[in-house]
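J.: Mind having a look at this structure? Questions to follow.
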Amino acid sequence: MATEQTTGATAERIGRIESAVLQEPIWRDQGGAPIPLAELMAQQGVPGVSIAVIHDGALEWARGYGVREAGRPDPVTPETLFQVCSISKPVTAVAVLRLVQEGRLDLDEDVNHYLRSWRVPANGDWQPRVTLRQLLCHGAGMTVHGFPGYGAAAPHPTLRQVLDGVPPANTPPVRVNALPGTQFRYAGGGVSIVQQVLLDVTGLPFAQLMRELVLDPLAMRDSTYEQPLPPARQAAAATGHRSEGAPVAGKWHIYPEQAAAGLWTTPSDLARLTIDIQQARAGALGTLLRPETVAQMLTPQVEEHIGLGFFLEGAGLDQRFAHGGDNEGYKANFVAFSERGEGVIVATNGDLGWIVCDNLTRTVWREYGWPDFPGAPHVGTAFDAARAAACAGRYELKPGYTLEVSVRDGALYLQATGQPAFALQPCSADAYFAEAVDAEVAFEMEDGKATKLIFKQNGKETPAPRQDATPG
C-alpha cells in the first residue's frame, strides 16, 4: 500500500508549487506570471482542491487546499471525497480486466452473449456485434457522449432506463450508429453497457462489485461507487460548485451511470491504484492485474491515443496513461507514466476546476523535471525555404477535411477546410509549431519530398496522407 514519504526536500517542492502555479498558455513566454495556488483558486471560483503526487514509485505527498463548501469553514484534507467524474471509467476497466483474468469475461466476445436484462438492439435487420474491448476503448460506435446527472431532489432512472433513454432518463437511448471497430468516438453510453454486463454476469450491485474487485484489495477506504452517496459519507464529501461560485443545488448531482461517472474518491486512493498498475507494468505481480494484462490495457486499441479505459500519451519510456473528469460542479485530472513511477492526480469542486487541474498538473510536472513537458516552449530553428517547399501541398486529415500547406512571404502556412490560414514556425528540419492552435505539424519525408503530414495536438497524433502529386 502506498504511503506518503514527506521529507525536507519534498516540503520545499510543495512550497514552490503552492506559491507559483503556472498559467497557460505557457509556450513562447506568452502565459501569465505564475501565481499562488490560493489566488488561482479564487480567480476561478474553485473553493477546494485535493492533490496527490507519485514519485519514485511511492505516494510522495498529498494535500488538501481550501474548503469543502464555499462560505463554510470545513477544510479540504487528503481524505475529503470528490466526484472524479469520468475517471470512473478506467477504474471500471480495471474491474473488467480482473474478470477477464479469471476467465469470466472475454474482451472480444459479443456483449450480447453476457447481457441478460438488456441487449444491444438491432438496427433494422442488422444486429451489431459489440465487444468489451470496443466499449472500453470507445471504438464501439456508440451514442451518448456523457451524462449530466440528476439533482438530489429529482427522480433518478434505473440503468435500463438510461440505456433506453426512457424518462426519467435525461439522455437519449444508447445505440450503435457507427460501424464498431473503425474509429474512436468517446461514449459514456458504451461504458454504461459495460456496467450492465458486470451486473448481469456477477449478479452483484455495482458498488459492491467495484469494492470487491478494486477498492478493498488496494485499501481504497475513501472511495465508493455508491449513488446516491450514503449519509454516513456525506460529511466527508466536498460540495460541487457552479462557475459563478455558488454550490450546486442539493450539493451534488447523482449518477446512476456509476461505471461512467459515479466514483467518489480521493487523489490518494487513486494513487494507490496507479502505483499498483505501474508495478505490474514493470513486471511485478500487482495486487489487481498481471503484467501481461496491464501491457494490454496500455496498448493502443482502435486509435493510437486510447488503450483499455485510459487515454495514452507519449511513447516509449515517456508513455503516460491519463484521464480527465467533468461532472456538474466537479473537475478532475489524472496522468501517470507507464514506465516510470511518477504521476499526479488533482480533484476540484468547481465547474472551472479544469483550469486549476491543468495548471497545477503542469506545475508539478515542471517541478519534478518529468520528460515531455506539456506546453513547453518550442525552440525555433532557421526557416529553410527549399525544405519548406518540399512540404507544400494538400493533405487529407479525414474524408472531406484537408490541410493545404503553402509557402508565402518567407514562411510556411497551413489552411484547414473552412478555416483561414495560419503560420507554421519551424522547430526542427521537418517539424513546425502552429502557435495559433497549440499544435505541432510534422512531415514524413521520402527522398527529400513530403509524403505525409502528422498533426499532433492534445496528446493525439493524426496522420494525413498527401493527396496531390509530390513535387518533382
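Chain identifiers are assigned as A, B, and so on, following the order in which chains appear in the C-alpha cells; residues are numbered from 1 within each chain, and ligands are numbered from 1 in order of appearance.
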If you count only C-alpha atoms, which residues fall within 12 Å of Leu40 in chain A, apart from same-chain ones fewer than 3 positions away, as an mmCIF file with N, CA, C and O atoms, in the first residue's frame?

T.:
```cif
data_model
loop_
_atom_site.group_PDB
_atom_site.id
_atom_site.type_symbol
_atom_site.label_atom_id
_atom_site.label_comp_id
_atom_site.auth_asym_id
_atom_site.auth_seq_id
_atom_site.Cartn_x
_atom_site.Cartn_y
_atom_site.Cartn_z
ATOM 1 N N GLU A 18 3.000 25.452 -4.476
ATOM 2 C CA GLU A 18 1.893 26.226 -3.921
ATOM 3 C C GLU A 18 2.030 27.713 -4.214
ATOM 4 O O GLU A 18 1.029 28.410 -4.412
ATOM 5 N N SER A 19 3.243 28.212 -4.249
ATOM 6 C CA SER A 19 3.455 29.657 -4.367
ATOM 7 C C SER A 19 3.549 30.147 -5.802
ATOM 8 O O SER A 19 3.462 31.354 -6.043
ATOM 9 N N ALA A 20 3.735 29.249 -6.763
ATOM 10 C CA ALA A 20 3.958 29.706 -8.143
ATOM 11 C C ALA A 20 3.377 28.704 -9.133
ATOM 12 O O ALA A 20 4.104 27.943 -9.770
ATOM 13 N N VAL A 21 2.051 28.716 -9.268
ATOM 14 C CA VAL A 21 1.376 27.835 -10.224
ATOM 15 C C VAL A 21 1.436 28.472 -11.603
ATOM 16 O O VAL A 21 1.110 29.656 -11.773
ATOM 17 N N LEU A 22 1.844 27.691 -12.600
ATOM 18 C CA LEU A 22 1.916 28.190 -13.970
ATOM 19 C C LEU A 22 0.521 28.561 -14.471
ATOM 20 O O LEU A 22 -0.474 27.985 -14.049
ATOM 21 N N GLN A 23 0.473 29.515 -15.362
ATOM 22 C CA GLN A 23 -0.781 29.888 -16.004
ATOM 23 C C GLN A 23 -0.632 29.727 -17.510
ATOM 24 O O GLN A 23 0.286 30.269 -18.102
ATOM 25 N N GLU A 24 -1.541 28.962 -18.117
ATOM 26 C CA GLU A 24 -1.452 28.769 -19.555
ATOM 27 C C GLU A 24 -2.014 29.987 -20.289
ATOM 28 O O GLU A 24 -2.801 30.733 -19.734
ATOM 29 N N GLY A 32 0.546 34.080 -18.469
ATOM 30 C CA GLY A 32 0.616 34.981 -17.347
ATOM 31 C C GLY A 32 1.668 34.532 -16.353
ATOM 32 O O GLY A 32 2.107 33.384 -16.356
ATOM 33 N N ALA A 33 2.091 35.462 -15.488
ATOM 34 C CA ALA A 33 3.091 35.126 -14.484
ATOM 35 C C ALA A 33 2.531 34.084 -13.523
ATOM 36 O O ALA A 33 1.338 34.083 -13.221
ATOM 37 N N PRO A 34 3.380 33.167 -13.041
ATOM 38 C CA PRO A 34 2.914 32.194 -12.039
ATOM 39 C C PRO A 34 2.328 32.900 -10.828
ATOM 40 O O PRO A 34 2.798 33.970 -10.419
ATOM 41 N N ILE A 35 1.278 32.309 -10.256
ATOM 42 C CA ILE A 35 0.614 32.907 -9.106
ATOM 43 C C ILE A 35 0.416 31.850 -8.033
ATOM 44 O O ILE A 35 0.453 30.647 -8.316
ATOM 45 N N PRO A 36 0.199 32.264 -6.782
ATOM 46 C CA PRO A 36 -0.075 31.294 -5.716
ATOM 47 C C PRO A 36 -1.323 30.474 -6.029
ATOM 48 O O PRO A 36 -2.274 30.971 -6.642
ATOM 49 N N LEU A 37 -1.324 29.224 -5.596
ATOM 50 C CA LEU A 37 -2.461 28.345 -5.826
ATOM 51 C C LEU A 37 -3.739 28.947 -5.260
ATOM 52 O O LEU A 37 -4.798 28.899 -5.909
ATOM 53 N N GLN A 43 -9.586 33.079 -8.300
ATOM 54 C CA GLN A 43 -9.903 33.614 -9.626
ATOM 55 C C GLN A 43 -10.935 32.763 -10.345
ATOM 56 O O GLN A 43 -11.809 33.275 -11.046
ATOM 57 N N GLN A 44 -10.843 31.454 -10.188
ATOM 58 C CA GLN A 44 -11.701 30.530 -10.938
ATOM 59 C C GLN A 44 -12.929 30.079 -10.151
ATOM 60 O O GLN A 44 -13.688 29.235 -10.644
ATOM 61 N N GLY A 45 -13.126 30.605 -8.960
ATOM 62 C CA GLY A 45 -14.292 30.232 -8.170
ATOM 63 C C GLY A 45 -14.277 28.778 -7.745
ATOM 64 O O GLY A 45 -15.331 28.127 -7.691
ATOM 65 N N VAL A 46 -13.090 28.266 -7.429
ATOM 66 C CA VAL A 46 -12.926 26.863 -7.016
ATOM 67 C C VAL A 46 -12.613 26.848 -5.519
ATOM 68 O O VAL A 46 -11.495 27.185 -5.119
ATOM 69 N N PRO A 47 -13.560 26.449 -4.664
ATOM 70 C CA PRO A 47 -13.321 26.516 -3.216
ATOM 71 C C PRO A 47 -12.296 25.509 -2.710
ATOM 72 O O PRO A 47 -11.586 25.785 -1.743
ATOM 73 N N GLY A 48 -12.235 24.303 -3.337
ATOM 74 C CA GLY A 48 -11.385 23.260 -2.788
ATOM 75 C C GLY A 48 -10.611 22.494 -3.843
ATOM 76 O O GLY A 48 -11.097 22.273 -4.962
ATOM 77 N N VAL A 49 -9.408 22.070 -3.467
ATOM 78 C CA VAL A 49 -8.531 21.285 -4.343
ATOM 79 C C VAL A 49 -7.866 20.202 -3.504
ATOM 80 O O VAL A 49 -7.469 20.442 -2.359
ATOM 81 N N TYR A 65 -6.503 21.739 -0.138
ATOM 82 C CA TYR A 65 -6.459 23.205 -0.085
ATOM 83 C C TYR A 65 -7.880 23.749 -0.136
ATOM 84 O O TYR A 65 -8.751 23.192 -0.810
ATOM 85 N N GLY A 66 -8.100 24.855 0.575
ATOM 86 C CA GLY A 66 -9.409 25.483 0.554
ATOM 87 C C GLY A 66 -10.412 24.756 1.419
ATOM 88 O O GLY A 66 -10.063 24.061 2.381
ATOM 89 N N LEU A 352 -15.094 25.442 -12.979
ATOM 90 C CA LEU A 352 -13.885 25.920 -13.649
ATOM 91 C C LEU A 352 -12.630 25.268 -13.069
ATOM 92 O O LEU A 352 -11.519 25.738 -13.303
ATOM 93 N N GLY A 353 -12.833 24.160 -12.383
ATOM 94 C CA GLY A 353 -11.694 23.461 -11.796
ATOM 95 C C GLY A 353 -10.734 22.900 -12.819
ATOM 96 O O GLY A 353 -9.575 22.629 -12.501
ATOM 97 N N TRP A 354 -11.193 22.732 -14.078
ATOM 98 C CA TRP A 354 -10.280 22.200 -15.100
ATOM 99 C C TRP A 354 -9.092 23.121 -15.302
ATOM 100 O O TRP A 354 -7.982 22.658 -15.618
ATOM 101 N N ILE A 355 -9.292 24.434 -15.116
ATOM 102 C CA ILE A 355 -8.173 25.370 -15.258
ATOM 103 C C ILE A 355 -7.159 25.138 -14.144
ATOM 104 O O ILE A 355 -5.946 25.116 -14.373
ATOM 105 N N VAL A 356 -7.650 24.934 -12.934
ATOM 106 C CA VAL A 356 -6.760 24.646 -11.802
ATOM 107 C C VAL A 356 -6.076 23.299 -12.014
ATOM 108 O O VAL A 356 -4.860 23.168 -11.803
ATOM 109 N N CYS A 357 -6.840 22.290 -12.432
ATOM 110 C CA CYS A 357 -6.256 20.962 -12.666
ATOM 111 C C CYS A 357 -5.123 21.021 -13.677
ATOM 112 O O CYS A 357 -4.023 20.496 -13.448
ATOM 113 N N ASP A 358 -5.385 21.641 -14.824
ATOM 114 C CA ASP A 358 -4.382 21.680 -15.888
ATOM 115 C C ASP A 358 -3.125 22.411 -15.445
ATOM 116 O O ASP A 358 -1.999 21.935 -15.639
ATOM 117 N N ASN A 359 -3.301 23.589 -14.848
ATOM 118 C CA ASN A 359 -2.136 24.387 -14.482
ATOM 119 C C ASN A 359 -1.369 23.789 -13.307
ATOM 120 O O ASN A 359 -0.132 23.839 -13.269
ATOM 121 N N LEU A 360 -2.081 23.202 -12.361
ATOM 122 C CA LEU A 360 -1.405 22.577 -11.226
ATOM 123 C C LEU A 360 -0.648 21.334 -11.688
ATOM 124 O O LEU A 360 0.481 21.070 -11.247
#
```

J.: Write out as a Markdown table a residue-level contact list of range 205-299 of chain A versus range 147-155 of chain A with cut-off 6 Å: for each qualifying residue the closest pair of atoms and the distance in Å to one decimal, counting only C-alpha atoms, rows sorted by chain and residue number upward.

T.:
```
| residue | atom | partner | partner_atom | distance |
| --- | --- | --- | --- | --- |
| A:Gly250 | CA | A:Ala152 | CA | 5.4 |
| A:His253 | CA | A:Gly151 | CA | 4.8 |
| A:Ile254 | CA | A:Tyr150 | CA | 5.1 |
| A:Tyr255 | CA | A:Gly149 | CA | 4.9 |
```

J.: Write a file of the just-selected residues containing all heavy atoms, as a compact mmCIF listing (two decimals), in the first residue's frame.

T.:
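Full text of selection-v3.txt as output:
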```txt
# COMPACT_ATOMS: atom_id res chain seq x y z
N GLY A 250 -28.58 21.09 -3.86
CA GLY A 250 -28.52 19.76 -3.26
C GLY A 250 -27.11 19.25 -3.05
O GLY A 250 -26.91 18.06 -2.77
N HIS A 253 -24.82 16.36 -7.96
CA HIS A 253 -25.74 15.54 -8.74
C HIS A 253 -25.50 14.06 -8.45
O HIS A 253 -24.43 13.66 -8.00
CB HIS A 253 -25.56 15.82 -10.23
CG HIS A 253 -26.27 17.06 -10.69
ND1 HIS A 253 -26.46 17.38 -12.01
CD2 HIS A 253 -26.84 18.08 -9.99
CE1 HIS A 253 -27.11 18.51 -12.11
NE2 HIS A 253 -27.35 18.97 -10.89
N ILE A 254 -26.53 13.28 -8.76
CA ILE A 254 -26.47 11.83 -8.57
C ILE A 254 -26.35 11.17 -9.94
O ILE A 254 -27.00 11.59 -10.91
CB ILE A 254 -27.73 11.36 -7.83
CG1 ILE A 254 -27.71 11.92 -6.39
CG2 ILE A 254 -27.83 9.83 -7.80
CD1 ILE A 254 -29.02 11.79 -5.66
N TYR A 255 -25.50 10.15 -10.02
CA TYR A 255 -25.19 9.50 -11.29
C TYR A 255 -25.51 8.00 -11.22
O TYR A 255 -24.69 7.21 -10.74
CB TYR A 255 -23.72 9.72 -11.65
CG TYR A 255 -23.42 11.15 -11.99
CD1 TYR A 255 -23.15 12.08 -10.99
CD2 TYR A 255 -23.45 11.59 -13.31
CE1 TYR A 255 -22.91 13.42 -11.29
CE2 TYR A 255 -23.21 12.92 -13.63
CZ TYR A 255 -22.94 13.83 -12.61
OH TYR A 255 -22.70 15.16 -12.92
```

J.: Check the DSSP output for the backbone and give back, as a ChimeraX atom specification, the residues of range 282-418 of chain A in alpha helix (DSSP H).

T.: /A:291-297,353-368,385-389

J.: Atoms to include: N, CA, C and O atoms. Write the selected residues as a short mmCIF file (atom, residue, chain, number, x, y, z; two decimals), in the first residue's frame.

T.:
```cif
data_model
loop_
_atom_site.label_atom_id
_atom_site.label_comp_id
_atom_site.auth_asym_id
_atom_site.auth_seq_id
_atom_site.Cartn_x
_atom_site.Cartn_y
_atom_site.Cartn_z
N PRO A 291 1.13 -8.53 -15.16
CA PRO A 291 1.88 -7.69 -16.09
C PRO A 291 1.36 -7.76 -17.52
O PRO A 291 1.26 -6.74 -18.20
N GLU A 292 0.99 -8.95 -17.99
CA GLU A 292 0.51 -9.06 -19.37
C GLU A 292 -0.84 -8.38 -19.55
O GLU A 292 -1.17 -7.88 -20.64
N THR A 293 -1.64 -8.33 -18.48
CA THR A 293 -2.93 -7.64 -18.57
C THR A 293 -2.74 -6.14 -18.64
O THR A 293 -3.37 -5.45 -19.44
N VAL A 294 -1.83 -5.62 -17.81
CA VAL A 294 -1.53 -4.19 -17.84
C VAL A 294 -0.93 -3.80 -19.19
O VAL A 294 -1.25 -2.74 -19.74
N ALA A 295 -0.07 -4.66 -19.72
CA ALA A 295 0.52 -4.37 -21.03
C ALA A 295 -0.57 -4.21 -22.08
O ALA A 295 -0.52 -3.32 -22.94
N GLN A 296 -1.60 -5.05 -22.02
CA GLN A 296 -2.70 -4.94 -22.98
C GLN A 296 -3.52 -3.68 -22.73
O GLN A 296 -3.92 -2.99 -23.67
N MET A 297 -3.73 -3.34 -21.47
CA MET A 297 -4.50 -2.16 -21.13
C MET A 297 -3.83 -0.89 -21.65
O MET A 297 -4.51 0.05 -22.09
N GLY A 353 -12.83 24.16 -12.38
CA GLY A 353 -11.69 23.46 -11.80
C GLY A 353 -10.73 22.90 -12.82
O GLY A 353 -9.57 22.63 -12.50
N TRP A 354 -11.19 22.73 -14.08
CA TRP A 354 -10.28 22.20 -15.10
C TRP A 354 -9.09 23.12 -15.30
O TRP A 354 -7.98 22.66 -15.62
N ILE A 355 -9.29 24.43 -15.12
CA ILE A 355 -8.17 25.37 -15.26
C ILE A 355 -7.16 25.14 -14.14
O ILE A 355 -5.95 25.12 -14.37
N VAL A 356 -7.65 24.93 -12.93
CA VAL A 356 -6.76 24.65 -11.80
C VAL A 356 -6.08 23.30 -12.01
O VAL A 356 -4.86 23.17 -11.80
N CYS A 357 -6.84 22.29 -12.43
CA CYS A 357 -6.26 20.96 -12.67
C CYS A 357 -5.12 21.02 -13.68
O CYS A 357 -4.02 20.50 -13.45
N ASP A 358 -5.39 21.64 -14.82
CA ASP A 358 -4.38 21.68 -15.89
C ASP A 358 -3.13 22.41 -15.45
O ASP A 358 -2.00 21.93 -15.64
N ASN A 359 -3.30 23.59 -14.85
CA ASN A 359 -2.14 24.39 -14.48
C ASN A 359 -1.37 23.79 -13.31
O ASN A 359 -0.13 23.84 -13.27
N LEU A 360 -2.08 23.20 -12.36
CA LEU A 360 -1.40 22.58 -11.23
C LEU A 360 -0.65 21.33 -11.69
O LEU A 360 0.48 21.07 -11.25
N THR A 361 -1.24 20.56 -12.60
CA THR A 361 -0.55 19.39 -13.15
C THR A 361 0.73 19.80 -13.86
O THR A 361 1.80 19.20 -13.66
N ARG A 362 0.68 20.84 -14.67
CA ARG A 362 1.87 21.31 -15.38
C ARG A 362 2.94 21.80 -14.40
O ARG A 362 4.13 21.60 -14.62
N THR A 363 2.49 22.44 -13.33
CA THR A 363 3.44 22.97 -12.35
C THR A 363 4.18 21.84 -11.65
O THR A 363 5.40 21.89 -11.46
N VAL A 364 3.45 20.80 -11.27
CA VAL A 364 4.08 19.63 -10.66
C VAL A 364 5.05 18.99 -11.65
O VAL A 364 6.18 18.62 -11.31
N TRP A 365 4.61 18.87 -12.89
CA TRP A 365 5.42 18.25 -13.95
C TRP A 365 6.76 18.98 -14.09
O TRP A 365 7.82 18.36 -14.15
N ARG A 366 6.70 20.30 -14.14
CA ARG A 366 7.94 21.08 -14.29
C ARG A 366 8.81 20.96 -13.04
O ARG A 366 10.04 20.80 -13.14
N GLU A 367 8.19 21.02 -11.87
CA GLU A 367 8.96 20.94 -10.62
C GLU A 367 9.74 19.64 -10.53
O GLU A 367 10.89 19.62 -10.07
N TYR A 368 9.13 18.54 -10.98
CA TYR A 368 9.80 17.24 -10.86
C TYR A 368 10.67 16.92 -12.08
O TYR A 368 11.35 15.89 -12.10
N ALA A 385 13.80 27.50 -46.83
CA ALA A 385 12.80 27.68 -47.87
C ALA A 385 12.67 26.46 -48.77
O ALA A 385 11.57 26.06 -49.15
N ALA A 386 13.79 25.85 -49.13
CA ALA A 386 13.75 24.68 -50.01
C ALA A 386 13.08 23.50 -49.32
O ALA A 386 12.27 22.78 -49.92
N ARG A 387 13.42 23.31 -48.04
CA ARG A 387 12.82 22.20 -47.28
C ARG A 387 11.32 22.43 -47.12
O ARG A 387 10.51 21.50 -47.24
N ALA A 388 10.94 23.68 -46.86
CA ALA A 388 9.53 24.00 -46.70
C ALA A 388 8.77 23.79 -48.01
O ALA A 388 7.64 23.30 -48.01
N ALA A 389 9.38 24.16 -49.13
CA ALA A 389 8.72 23.99 -50.43
C ALA A 389 8.41 22.53 -50.71
O ALA A 389 7.40 22.21 -51.35
#
```

J.: If we count only C-alpha atoms, what is near Leu159 in chain A at a cut-off of 10 Å, once residues fewer than 4 positions away on the same chain are taken out, given as a tab-separated table (two decimals) with C-alpha atoms, in the first residue's frame?

T.:
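Generated output (part-v8.tsv):
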```tsv
chain	number	residue	atom	x	y	z
A	118	TRP	CA	-30.93	-5.73	-21.63
A	163	LEU	CA	-29.75	2.68	-21.79
A	164	ASP	CA	-33.14	3.04	-23.49
A	165	GLY	CA	-33.46	6.80	-22.97
A	169	ALA	CA	-33.55	9.49	-18.02
A	192	SER	CA	-22.96	2.12	-19.21
A	193	ILE	CA	-23.35	-1.04	-21.30
A	195	GLN	CA	-21.92	-1.64	-16.26
A	196	GLN	CA	-24.91	-3.71	-17.34
A	255	TYR	CA	-25.19	9.50	-11.29
A	256	PRO	CA	-26.93	6.15	-11.80
A	257	GLU	CA	-24.38	5.79	-14.63
A	258	GLN	CA	-21.94	4.60	-11.97
```

J.: Just the residues within 9 Å of Leu308 in chain A, please, counting only C-alpha atoms, with nothing from its chain fewer than 2 positions along; format it as JSON, numbers by chain.

T.: {"A": [90, 93, 94, 133, 134, 135, 136, 137, 138, 296, 297, 298, 299, 300, 301, 306, 310, 311]}

J.: Mind checking which residues fall within 10 Å of Asp106 in chain A, counting only C-alpha atoms, ignoring those fewer than 4 positions away in the same chain, and posting them as a list in words?

T.: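 That gives Val96, Leu97, Leu99, Val100, Gln101, Glu102, Asp110, Val111, Tyr114, Thr131, Leu132 and Arg133 of chain A.
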
J.: Using the selection just defined, write its residues with all heavy atoms as a JSON list (two decimals), in the first residue's frame.

T.:
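Resulting contents of selection.json:
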```json
[["chain", "number", "residue", "atom", "x", "y", "z"],
["A", 96, "VAL", "N", -13.18, -4.89, -15.05],
["A", 96, "VAL", "CA", -13.45, -5.77, -16.19],
["A", 96, "VAL", "C", -12.24, -6.68, -16.45],
["A", 96, "VAL", "O", -12.39, -7.89, -16.65],
["A", 96, "VAL", "CB", -13.77, -4.94, -17.44],
["A", 96, "VAL", "CG1", -13.83, -5.84, -18.68],
["A", 96, "VAL", "CG2", -15.09, -4.19, -17.27],
["A", 97, "LEU", "N", -11.05, -6.10, -16.42],
["A", 97, "LEU", "CA", -9.85, -6.88, -16.71],
["A", 97, "LEU", "C", -9.58, -7.92, -15.63],
["A", 97, "LEU", "O", -9.01, -8.98, -15.92],
["A", 97, "LEU", "CB", -8.65, -5.94, -16.89],
["A", 97, "LEU", "CG", -8.73, -5.07, -18.15],
["A", 97, "LEU", "CD1", -7.62, -4.04, -18.16],
["A", 97, "LEU", "CD2", -8.68, -5.92, -19.41],
["A", 99, "LEU", "N", -11.94, -9.63, -14.19],
["A", 99, "LEU", "CA", -12.83, -10.74, -14.56],
["A", 99, "LEU", "C", -12.35, -11.44, -15.83],
["A", 99, "LEU", "O", -12.57, -12.64, -16.01],
["A", 99, "LEU", "CB", -14.25, -10.21, -14.75],
["A", 99, "LEU", "CG", -14.94, -9.69, -13.48],
["A", 99, "LEU", "CD1", -16.32, -9.15, -13.79],
["A", 99, "LEU", "CD2", -15.01, -10.76, -12.40],
["A", 100, "VAL", "N", -11.69, -10.71, -16.70],
["A", 100, "VAL", "CA", -11.07, -11.33, -17.88],
["A", 100, "VAL", "C", -9.97, -12.29, -17.43],
["A", 100, "VAL", "O", -9.86, -13.42, -17.92],
["A", 100, "VAL", "CB", -10.52, -10.26, -18.84],
["A", 100, "VAL", "CG1", -9.66, -10.91, -19.93],
["A", 100, "VAL", "CG2", -11.66, -9.47, -19.47],
["A", 101, "GLN", "N", -9.14, -11.86, -16.47],
["A", 101, "GLN", "CA", -8.09, -12.72, -15.94],
["A", 101, "GLN", "C", -8.66, -14.00, -15.34],
["A", 101, "GLN", "O", -8.04, -15.07, -15.43],
["A", 101, "GLN", "CB", -7.29, -11.98, -14.86],
["A", 101, "GLN", "CG", -6.36, -10.92, -15.39],
["A", 101, "GLN", "CD", -5.55, -10.25, -14.30],
["A", 101, "GLN", "OE1", -4.54, -9.64, -14.57],
["A", 101, "GLN", "NE2", -5.97, -10.34, -13.06],
["A", 102, "GLU", "N", -9.82, -13.88, -14.72],
["A", 102, "GLU", "CA", -10.45, -15.04, -14.08],
["A", 102, "GLU", "C", -11.18, -15.93, -15.08],
["A", 102, "GLU", "O", -11.72, -16.98, -14.70],
["A", 102, "GLU", "CB", -11.43, -14.56, -13.01],
["A", 102, "GLU", "CG", -10.77, -13.83, -11.84],
["A", 102, "GLU", "CD", -11.79, -13.22, -10.89],
["A", 102, "GLU", "OE1", -13.01, -13.50, -11.07],
["A", 102, "GLU", "OE2", -11.39, -12.46, -9.99],
["A", 110, "ASP", "N", -18.98, -11.05, -28.17],
["A", 110, "ASP", "CA", -20.14, -10.18, -28.31],
["A", 110, "ASP", "C", -20.78, -9.96, -26.94],
["A", 110, "ASP", "O", -21.08, -10.93, -26.23],
["A", 110, "ASP", "CB", -21.15, -10.85, -29.26],
["A", 110, "ASP", "CG", -22.32, -9.97, -29.63],
["A", 110, "ASP", "OD1", -22.58, -8.98, -28.91],
["A", 110, "ASP", "OD2", -22.99, -10.29, -30.63],
["A", 111, "VAL", "N", -20.99, -8.70, -26.54],
["A", 111, "VAL", "CA", -21.52, -8.45, -25.20],
["A", 111, "VAL", "C", -22.94, -8.99, -25.06],
["A", 111, "VAL", "O", -23.38, -9.27, -23.94],
["A", 111, "VAL", "CB", -21.49, -6.94, -24.84],
["A", 111, "VAL", "CG1", -20.06, -6.46, -24.69],
["A", 111, "VAL", "CG2", -22.25, -6.11, -25.85],
["A", 114, "TYR", "N", -23.29, -11.97, -22.94],
["A", 114, "TYR", "CA", -23.31, -11.83, -21.47],
["A", 114, "TYR", "C", -24.57, -11.14, -20.95],
["A", 114, "TYR", "O", -24.97, -11.36, -19.80],
["A", 114, "TYR", "CB", -22.09, -11.02, -21.02],
["A", 114, "TYR", "CG", -20.76, -11.64, -21.38],
["A", 114, "TYR", "CD1", -19.91, -11.00, -22.29],
["A", 114, "TYR", "CD2", -20.35, -12.84, -20.83],
["A", 114, "TYR", "CE1", -18.69, -11.55, -22.62],
["A", 114, "TYR", "CE2", -19.13, -13.41, -21.16],
["A", 114, "TYR", "CZ", -18.30, -12.75, -22.07],
["A", 114, "TYR", "OH", -17.09, -13.30, -22.40],
["A", 131, "THR", "N", -18.10, -5.57, -28.66],
["A", 131, "THR", "CA", -17.30, -6.27, -27.66],
["A", 131, "THR", "C", -16.90, -5.35, -26.52],
["A", 131, "THR", "O", -16.94, -4.12, -26.63],
["A", 131, "THR", "CB", -16.02, -6.83, -28.31],
["A", 131, "THR", "OG1", -15.16, -5.72, -28.67],
["A", 131, "THR", "CG2", -16.33, -7.66, -29.56],
["A", 132, "LEU", "N", -16.49, -5.95, -25.42],
["A", 132, "LEU", "CA", -15.99, -5.17, -24.28],
["A", 132, "LEU", "C", -14.74, -4.37, -24.67],
["A", 132, "LEU", "O", -14.56, -3.24, -24.22],
["A", 132, "LEU", "CB", -15.68, -6.10, -23.10],
["A", 132, "LEU", "CG", -16.89, -6.64, -22.34],
["A", 132, "LEU", "CD1", -16.47, -7.77, -21.41],
["A", 132, "LEU", "CD2", -17.58, -5.53, -21.56],
["A", 133, "ARG", "N", -13.89, -4.96, -25.48],
["A", 133, "ARG", "CA", -12.70, -4.23, -25.92],
["A", 133, "ARG", "C", -13.12, -2.93, -26.62],
["A", 133, "ARG", "O", -12.56, -1.85, -26.35],
["A", 133, "ARG", "CB", -11.87, -5.09, -26.88],
["A", 133, "ARG", "CG", -10.56, -4.42, -27.32],
["A", 133, "ARG", "CD", -9.84, -5.23, -28.37],
["A", 133, "ARG", "NE", -9.52, -6.57, -27.90],
["A", 133, "ARG", "CZ", -8.45, -6.88, -27.16],
["A", 133, "ARG", "NH1", -7.61, -5.94, -26.79],
["A", 133, "ARG", "NH2", -8.24, -8.13, -26.79]]
```

J.: If you count only C-alpha atoms, which residues fall within 6 Å of Ser88 in chain A, apart from same-chain ones fewer than 2 positions away, as a PDB file with C-alpha atoms, in the first residue's frame?

T.:
```
ATOM      1  CA  CYS A  85     -16.359  12.048 -12.881  1.00  0.00           C
ATOM      2  CA  SER A  86     -15.083  10.213 -15.978  1.00  0.00           C
ATOM      3  CA  PRO A  90     -10.712   3.476 -16.332  1.00  0.00           C
ATOM      4  CA  VAL A  91     -11.268   2.242 -12.767  1.00  0.00           C
ATOM      5  CA  ALA A 259     -19.359   2.968 -14.232  1.00  0.00           C
ATOM      6  CA  ALA A 260     -19.065   6.079 -16.378  1.00  0.00           C
ATOM      7  CA  ALA A 261     -19.302   8.867 -13.821  1.00  0.00           C
ATOM      8  CA  LEU A 263     -16.891   7.251  -8.413  1.00  0.00           C
TER       9      LEU A 263
END
```

J.: Identify, on the basis of only C-alpha atoms, every residue whose closest approach to range 208-216 of chain A does not exceed 10 Å; exclude the query and any residue fewer than 5 positions from it along the same chain; express the result as a ChimeraX atom specification.

T.: /A:91-92,94-99,198-199,202-203,221-226,259,263,265,269-270,272-273,287-288

J.: Taking only C-alpha atoms into account, which of A:Asp468, A:Asp276, A:Asp318, A:Glu446 comes nearest Thr402 in chain A?

T.: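 Under the stated criterion, the closest residue is A:Asp468.
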
J.: Work out how far CA of Ala392 in chain A is from CA of Val407 in chain A, in Å to one decimal.

T.: 6.6 Å
